[in-house]
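> Just dropping this structure here.
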Amino acid sequence: MNELQLIDAFLAPFGLSRGAKARGWGVLSGPGDDCAVVLPAPGKKLVLKVDELVEGVHFDFRWFAPADVGHKALAVSLSDLAAAGARPRWFLCALGVPRDAVSMGVARGVARGMARLARRHGCALVGGNVTRARRWSLAVTAMGEAERPRGRSGARPGDALIVAGELGRAALGLRLLRQGRRGSAVRAQLRPEPLVAAGVAAGRFAAASIDVSDGFLRDLGHLCAASRCGAEVRLEDLPQQRLRDALSGGEDYALLFAARPPDVRRLVSALRRTGTQAREVGRFVPGRGVRLLSGGKVRPLPARLGWDHLA
């Protein structure tokens, strides 16, 4: 195997070859050139996000098929675009590849999983990079379009806290995999679904948003810090499998929204029309931090709030 052979193997599931321009919205050049050139639609802003998955940290080939790895690598970046309310258009992928005999087959499998998800969301591969590494890694930069992208800083006291999607299933799925067991939750860990349609549908009804990648409490804390307010969460209203997993598990790629009181019903209705589970689970309040309520009483926060990449 050499570098060009591996690139050819990776491009094939996308229907591409070196030097052939990607087919997709607004693609002027790429892949095959040193730089991709894309043209956003008139009146749209370009929204960009990069994420990296590393073997032994984010996935393990004992449990993940190569197609699962490719799917997940793209899904985590598309989830951030969903939180911003952006429609995915293009992405770049940089691969770190071990030098061994099986890398070609793994590259094909990774690309197949990534290409299937990209086609579902109308997102075109427009470039990337390959380098030798001790373990597999995939760094995906996803690009989308939105008229008014959302961020974390729009919530204010009195807003409702809305959760779209499920919480805790990915953590349960990982636990089942480590125990050698199967179950419906395993798919939530191997092939998470980015809630792109829900993120776009939220539109102007949502004042702020974030996706749940590092854990509900940790990511809600990020939203509160950016918005300079606190939040109260009603535990009985959380969509959950197990409360501990729901609060701190991470990798669910659910979406959290802040909504002004007059917009709550319209936001929840818009989310549910996309087939996404959505419910109001609390509110934003003056102050700092997150408080948990059960039966109207304050409950202690768990010792672990979520995933810390450097802990």
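Identifiers in the structure tokens: chain A, B, ... in order shown; residue index from 1 per chain; ligand index from 1 in order shown.
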Using only C-alpha atoms, determine which residues lie at most 9 Å from His309 (chain A), disregarding the query and same-chain residues fewer than 2 positions distant; provide the list as a ChimeraX atom specification.

/A:214,307,311

> Would you output that residue set with C-alpha atoms, as a PDB file, in the first residue's frame?


ATOM      1  CA  ASP A 214     -19.783  15.668  26.514  1.00  0.00           C
ATOM      2  CA  TRP A 307     -16.548  14.015  29.677  1.00  0.00           C
ATOM      3  CA  ALA A 311      -8.879  14.592  32.584  1.00  0.00           C
TER       4      ALA A 311
END

> Show me, as a PDB file with N, CA and C atoms, in the first residue's frame, the residues that have an atom within 12 Å of Ala160 (chain A) when counting only C-alpha atoms, minus same-chain residues fewer than 2 positions from it.


ATOM      1  N   ALA A 155     -29.370  32.618  25.483  1.00  0.00           N
ATOM      2  CA  ALA A 155     -30.365  32.335  26.533  1.00  0.00           C
ATOM      3  C   ALA A 155     -30.395  33.467  27.555  1.00  0.00           C
ATOM      4  N   ARG A 156     -31.562  33.647  28.184  1.00  0.00           N
ATOM      5  CA  ARG A 156     -31.683  34.651  29.250  1.00  0.00           C
ATOM      6  C   ARG A 156     -32.679  34.139  30.291  1.00  0.00           C
ATOM      7  N   PRO A 157     -32.600  34.649  31.531  1.00  0.00           N
ATOM      8  CA  PRO A 157     -33.517  34.182  32.575  1.00  0.00           C
ATOM      9  C   PRO A 157     -34.983  34.277  32.142  1.00  0.00           C
ATOM     10  N   GLY A 158     -35.728  33.234  32.426  1.00  0.00           N
ATOM     11  CA  GLY A 158     -37.127  33.149  32.016  1.00  0.00           C
ATOM     12  C   GLY A 158     -37.333  32.284  30.792  1.00  0.00           C
ATOM     13  N   ILE A 162     -35.339  23.292  26.446  1.00  0.00           N
ATOM     14  CA  ILE A 162     -35.947  22.229  25.650  1.00  0.00           C
ATOM     15  C   ILE A 162     -34.877  21.214  25.271  1.00  0.00           C
ATOM     16  N   VAL A 163     -35.199  19.925  25.413  1.00  0.00           N
ATOM     17  CA  VAL A 163     -34.316  18.855  24.955  1.00  0.00           C
ATOM     18  C   VAL A 163     -34.949  18.186  23.752  1.00  0.00           C
ATOM     19  N   PHE A 205     -37.318  30.072  16.377  1.00  0.00           N
ATOM     20  CA  PHE A 205     -37.990  29.802  17.645  1.00  0.00           C
ATOM     21  C   PHE A 205     -36.985  29.553  18.780  1.00  0.00           C
ATOM     22  N   ALA A 206     -35.745  29.234  18.450  1.00  0.00           N
ATOM     23  CA  ALA A 206     -34.727  28.959  19.460  1.00  0.00           C
ATOM     24  C   ALA A 206     -33.793  30.153  19.588  1.00  0.00           C
ATOM     25  N   ALA A 207     -33.534  30.566  20.817  1.00  0.00           N
ATOM     26  CA  ALA A 207     -32.663  31.715  21.061  1.00  0.00           C
ATOM     27  C   ALA A 207     -31.203  31.314  21.212  1.00  0.00           C
ATOM     28  N   ALA A 208     -30.946  30.079  21.628  1.00  0.00           N
ATOM     29  CA  ALA A 208     -29.591  29.568  21.804  1.00  0.00           C
ATOM     30  C   ALA A 208     -29.662  28.051  21.761  1.00  0.00           C
ATOM     31  N   SER A 209     -28.521  27.404  21.500  1.00  0.00           N
ATOM     32  CA  SER A 209     -28.536  25.942  21.442  1.00  0.00           C
ATOM     33  C   SER A 209     -27.130  25.391  21.563  1.00  0.00           C
ATOM     34  N   GLY A 230     -28.060  30.988  34.852  1.00  0.00           N
ATOM     35  CA  GLY A 230     -28.101  29.639  35.377  1.00  0.00           C
ATOM     36  C   GLY A 230     -29.262  28.871  34.778  1.00  0.00           C
ATOM     37  N   ALA A 231     -29.449  27.632  35.256  1.00  0.00           N
ATOM     38  CA  ALA A 231     -30.562  26.817  34.766  1.00  0.00           C
ATOM     39  C   ALA A 231     -31.059  25.913  35.880  1.00  0.00           C
ATOM     40  N   GLU A 232     -32.364  25.648  35.860  1.00  0.00           N
ATOM     41  CA  GLU A 232     -32.986  24.665  36.737  1.00  0.00           C
ATOM     42  C   GLU A 232     -33.553  23.551  35.871  1.00  0.00           C
ATOM     43  N   VAL A 233     -33.276  22.315  36.270  1.00  0.00           N
ATOM     44  CA  VAL A 233     -33.699  21.143  35.500  1.00  0.00           C
ATOM     45  C   VAL A 233     -34.615  20.281  36.353  1.00  0.00           C
ATOM     46  N   ARG A 234     -35.782  19.948  35.815  1.00  0.00           N
ATOM     47  CA  ARG A 234     -36.720  19.062  36.495  1.00  0.00           C
ATOM     48  C   ARG A 234     -36.380  17.618  36.116  1.00  0.00           C
ATOM     49  N   LEU A 256     -29.930  20.816  22.894  1.00  0.00           N
ATOM     50  CA  LEU A 256     -30.526  21.636  23.947  1.00  0.00           C
ATOM     51  C   LEU A 256     -30.828  23.015  23.377  1.00  0.00           C
ATOM     52  N   PHE A 257     -32.047  23.496  23.649  1.00  0.00           N
ATOM     53  CA  PHE A 257     -32.463  24.800  23.137  1.00  0.00           C
ATOM     54  C   PHE A 257     -32.940  25.686  24.277  1.00  0.00           C
ATOM     55  N   ALA A 258     -32.672  26.979  24.150  1.00  0.00           N
ATOM     56  CA  ALA A 258     -33.319  27.999  24.975  1.00  0.00           C
ATOM     57  C   ALA A 258     -34.384  28.657  24.124  1.00  0.00           C
ATOM     58  N   ALA A 259     -35.592  28.824  24.681  1.00  0.00           N
ATOM     59  CA  ALA A 259     -36.692  29.432  23.921  1.00  0.00           C
ATOM     60  C   ALA A 259     -37.428  30.435  24.796  1.00  0.00           C
ATOM     61  N   ARG A 260     -37.759  31.586  24.219  1.00  0.00           N
ATOM     62  CA  ARG A 260     -38.576  32.565  24.916  1.00  0.00           C
ATOM     63  C   ARG A 260     -39.959  31.951  25.180  1.00  0.00           C
ATOM     64  N   PRO A 261     -40.610  32.303  26.284  1.00  0.00           N
ATOM     65  CA  PRO A 261     -41.914  31.694  26.612  1.00  0.00           C
ATOM     66  C   PRO A 261     -42.930  31.692  25.469  1.00  0.00           C
ATOM     67  N   PRO A 262     -43.084  32.779  24.679  1.00  0.00           N
ATOM     68  CA  PRO A 262     -44.077  32.717  23.604  1.00  0.00           C
ATOM     69  C   PRO A 262     -43.724  31.745  22.478  1.00  0.00           C
ATOM     70  N   ASP A 263     -42.450  31.320  22.409  1.00  0.00           N
ATOM     71  CA  ASP A 263     -42.014  30.464  21.308  1.00  0.00           C
ATOM     72  C   ASP A 263     -41.931  28.993  21.665  1.00  0.00           C
ATOM     73  N   VAL A 264     -42.184  28.647  22.940  1.00  0.00           N
ATOM     74  CA  VAL A 264     -41.956  27.270  23.382  1.00  0.00           C
ATOM     75  C   VAL A 264     -42.824  26.279  22.622  1.00  0.00           C
ATOM     76  N   ARG A 265     -44.120  26.514  22.549  1.00  0.00           N
ATOM     77  CA  ARG A 265     -45.017  25.566  21.883  1.00  0.00           C
ATOM     78  C   ARG A 265     -44.679  25.436  20.407  1.00  0.00           C
ATOM     79  N   LEU A 267     -41.738  25.939  19.014  1.00  0.00           N
ATOM     80  CA  LEU A 267     -40.476  25.217  18.873  1.00  0.00           C
ATOM     81  C   LEU A 267     -40.685  23.719  19.044  1.00  0.00           C
ATOM     82  N   VAL A 268     -41.380  23.320  20.108  1.00  0.00           N
ATOM     83  CA  VAL A 268     -41.612  21.894  20.351  1.00  0.00           C
ATOM     84  C   VAL A 268     -42.380  21.276  19.183  1.00  0.00           C
ATOM     85  N   ARG A 279     -39.097  17.916  24.448  1.00  0.00           N
ATOM     86  CA  ARG A 279     -39.884  18.273  25.627  1.00  0.00           C
ATOM     87  C   ARG A 279     -39.186  19.387  26.403  1.00  0.00           C
ATOM     88  N   GLU A 280     -40.013  20.130  27.162  1.00  0.00           N
ATOM     89  CA  GLU A 280     -39.487  21.159  28.050  1.00  0.00           C
ATOM     90  C   GLU A 280     -39.075  20.492  29.360  1.00  0.00           C
ATOM     91  N   VAL A 281     -37.838  20.738  29.815  1.00  0.00           N
ATOM     92  CA  VAL A 281     -37.331  20.051  31.005  1.00  0.00           C
ATOM     93  C   VAL A 281     -36.877  21.012  32.096  1.00  0.00           C
ATOM     94  N   GLY A 282     -37.007  22.308  31.879  1.00  0.00           N
ATOM     95  CA  GLY A 282     -36.566  23.249  32.902  1.00  0.00           C
ATOM     96  C   GLY A 282     -36.589  24.667  32.382  1.00  0.00           C
ATOM     97  N   ARG A 283     -35.845  25.545  33.051  1.00  0.00           N
ATOM     98  CA  ARG A 283     -35.829  26.945  32.646  1.00  0.00           C
ATOM     99  C   ARG A 283     -34.489  27.573  33.012  1.00  0.00           C
ATOM    100  N   PHE A 284     -34.212  28.662  32.358  1.00  0.00           N
ATOM    101  CA  PHE A 284     -33.017  29.441  32.657  1.00  0.00           C
ATOM    102  C   PHE A 284     -33.364  30.490  33.704  1.00  0.00           C
ATOM    103  N   VAL A 285     -32.425  30.721  34.627  1.00  0.00           N
ATOM    104  CA  VAL A 285     -32.683  31.573  35.788  1.00  0.00           C
ATOM    105  C   VAL A 285     -31.503  32.520  35.998  1.00  0.00           C
TER     106      VAL A 285
END

> Could you please write out, as a PyMOL selection string, every residue of region 141-252 of chain A that DSSP assigns to strand (DSSP E or B)?

chain A and resi 141-146+160-164+167+208-211+230-234+240

> Quick one: residues within 12 Å of Asp219 (chain A), only C-alpha atoms counted, chain neighbours fewer than 4 positions away excluded, as JSON, numbers by chain?

{"A": [83, 152, 163, 209, 210, 211, 212, 213, 214, 215, 223, 224, 225, 226, 231, 247, 248, 249, 250, 251, 252, 253, 254, 255, 256, 257, 289, 290, 305, 306, 307, 308]}

> Pick out the closest residue to Lys49 (chain A) from this set: A:Ala115, A:Leu78, A:Ala146, A:Ala278. Count only C-alpha atoms.

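Distance minimum relative to Lys49 (chain A) lands on A:Leu78.
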
> Residues near Leu92 (chain A), anyone? I mean within 6 Å using only C-alpha atoms, not counting same-chain ones fewer than 3 positions away, as JSON, numbers by chain.

{"A": [125, 126, 127, 128, 140, 141]}

> Would you mind exporting N, CA and C atoms of the selected residues as a PDB file, in the first residue's frame?


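New file out29.pdb:
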ATOM      1  N   LEU A 125     -17.975  15.496   0.133  1.00  0.00           N
ATOM      2  CA  LEU A 125     -16.558  15.488   0.478  1.00  0.00           C
ATOM      3  C   LEU A 125     -15.806  16.331  -0.551  1.00  0.00           C
ATOM      4  N   VAL A 126     -15.052  17.337  -0.091  1.00  0.00           N
ATOM      5  CA  VAL A 126     -14.371  18.238  -1.027  1.00  0.00           C
ATOM      6  C   VAL A 126     -12.858  18.275  -0.821  1.00  0.00           C
ATOM      7  N   GLY A 127     -12.322  17.463   0.087  1.00  0.00           N
ATOM      8  CA  GLY A 127     -10.877  17.442   0.263  1.00  0.00           C
ATOM      9  C   GLY A 127     -10.478  16.792   1.555  1.00  0.00           C
ATOM     10  N   GLY A 128      -9.143  16.738   1.784  1.00  0.00           N
ATOM     11  CA  GLY A 128      -8.651  16.140   3.013  1.00  0.00           C
ATOM     12  C   GLY A 128      -7.157  15.941   2.991  1.00  0.00           C
ATOM     13  N   VAL A 140     -12.573  15.607  10.970  1.00  0.00           N
ATOM     14  CA  VAL A 140     -13.566  16.041   9.985  1.00  0.00           C
ATOM     15  C   VAL A 140     -13.902  17.513  10.217  1.00  0.00           C
ATOM     16  N   THR A 141     -13.779  18.296   9.165  1.00  0.00           N
ATOM     17  CA  THR A 141     -14.234  19.687   9.189  1.00  0.00           C
ATOM     18  C   THR A 141     -15.488  19.774   8.341  1.00  0.00           C
TER      19      THR A 141
END

> Could you please determine the separation between CA of Trp136 (chain A) and CA of Arg191 (chain A) in Å, to one decimal place?

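Going from CA of Trp136 (chain A) over to CA of Arg191 (chain A), I get 17.8 Å.
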
> Which residue out of A:Ala86, A:Met104, A:Met143, A:Ala171 has the minimum interatomic distance to Leu4 (chain A) when only C-alpha atoms are used?

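Selected residue with least distance to Leu4 (chain A): A:Met104.
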
> DSSP on the backbone, helix (DSSP H, G or I) only: what residues of region 41-175 of chain A does that give? Format it as a VMD selection string.

chain A and resid 66 to 84 103 to 120 169 to 175

> Pick the closest to Gly173 (chain A) from A:Ala197, A:Leu190, A:Val57, A:Val76: which is it, counting only C-alpha atoms?

A:Leu190

> How many Å separate CA of Arg116 (chain A) from CA of Pro13 (chain A)?

8.5 Å

> With only C-alpha atoms as the atoms that count, which of A:Gly122, A:Gly113, A:Pro192, A:Pro239 lies nearest to Glu166 (chain A)?

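Of A:Gly122, A:Gly113, A:Pro192, A:Pro239, the one nearest Glu166 (chain A), counting only C-alpha atoms, is A:Pro239.
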
> Rounded to one decimal in Å, what is the spacing between CA of Arg108 (chain A) and CA of Arg132 (chain A)?

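Result for CA of Arg108 (chain A) versus CA of Arg132 (chain A): 16.5 Å, one decimal.
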
> With only C-alpha atoms as the atoms that count, which of A:Ile7, A:Ala41, A:Ala107, A:Val27 lies nearest to Ala67 (chain A)?

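Selected residue with least distance to Ala67 (chain A): A:Ala107.
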
> I'd like the contact shell of Pro300 (chain A) - 10 Å cut-off, only C-alpha atoms, skipping same-chain residues fewer than 4 positions apart - returned as a PDB file with N, CA and C atoms, in the first residue's frame.


ATOM      1  N   ARG A 291     -28.957  23.788  38.615  1.00  0.00           N
ATOM      2  CA  ARG A 291     -29.582  23.160  39.784  1.00  0.00           C
ATOM      3  C   ARG A 291     -30.521  22.063  39.316  1.00  0.00           C
ATOM      4  N   LEU A 292     -30.501  20.938  40.023  1.00  0.00           N
ATOM      5  CA  LEU A 292     -31.386  19.825  39.739  1.00  0.00           C
ATOM      6  C   LEU A 292     -32.544  19.826  40.730  1.00  0.00           C
ATOM      7  N   LEU A 293     -33.766  19.680  40.205  1.00  0.00           N
ATOM      8  CA  LEU A 293     -34.961  19.666  41.039  1.00  0.00           C
ATOM      9  C   LEU A 293     -35.693  18.338  40.863  1.00  0.00           C
TER      10      LEU A 293
END

> I need the residue nearest Gly96 (chain A) from this list: A:Arg134, A:Arg182, A:Arg119, A:Lys72. Use only C-alpha atoms for the distance.

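Closest residue, counting only C-alpha atoms: A:Arg134.
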
> Excluding same-chain residues fewer than 6 positions from Gly109 (chain A), what lies within 8 Å of it counting only C-alpha atoms, as an NGL selection string?

:A and (65-67 or 70)

> Would you export the selected residues with C-alpha atoms as an mmCIF file, in the first residue's frame, please?


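Result file is result.cif:
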data_model
loop_
_atom_site.group_PDB
_atom_site.id
_atom_site.type_symbol
_atom_site.label_atom_id
_atom_site.label_comp_id
_atom_site.auth_asym_id
_atom_site.auth_seq_id
_atom_site.Cartn_x
_atom_site.Cartn_y
_atom_site.Cartn_z
ATOM 1 C CA ALA A 65 -16.741 -1.843 12.351
ATOM 2 C CA PRO A 66 -14.846 0.555 10.056
ATOM 3 C CA ALA A 67 -18.176 1.780 8.634
ATOM 4 C CA GLY A 70 -16.705 6.639 9.400
#

> Which residues, written as a list of chain:residue names, have at least one atom at most 8 Å from Arg228 (chain A), with only C-alpha atoms counted and residues fewer than 5 positions away on the same chain left out?

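Within the cut-off, the hits are A:Ser153, A:Arg156, A:Gly287, A:Arg288.
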
> Just to be explicit: take each residue in the selection above, keep C-alpha atoms, and write the result as an mmCIF file, in the first residue's frame.


data_model
loop_
_atom_site.group_PDB
_atom_site.id
_atom_site.type_symbol
_atom_site.label_atom_id
_atom_site.label_comp_id
_atom_site.auth_asym_id
_atom_site.auth_seq_id
_atom_site.Cartn_x
_atom_site.Cartn_y
_atom_site.Cartn_z
ATOM 1 C CA SER A 153 -24.958 32.907 24.145
ATOM 2 C CA ARG A 156 -31.683 34.651 29.250
ATOM 3 C CA GLY A 287 -27.222 33.485 38.593
ATOM 4 C CA ARG A 288 -24.703 30.835 37.599
#
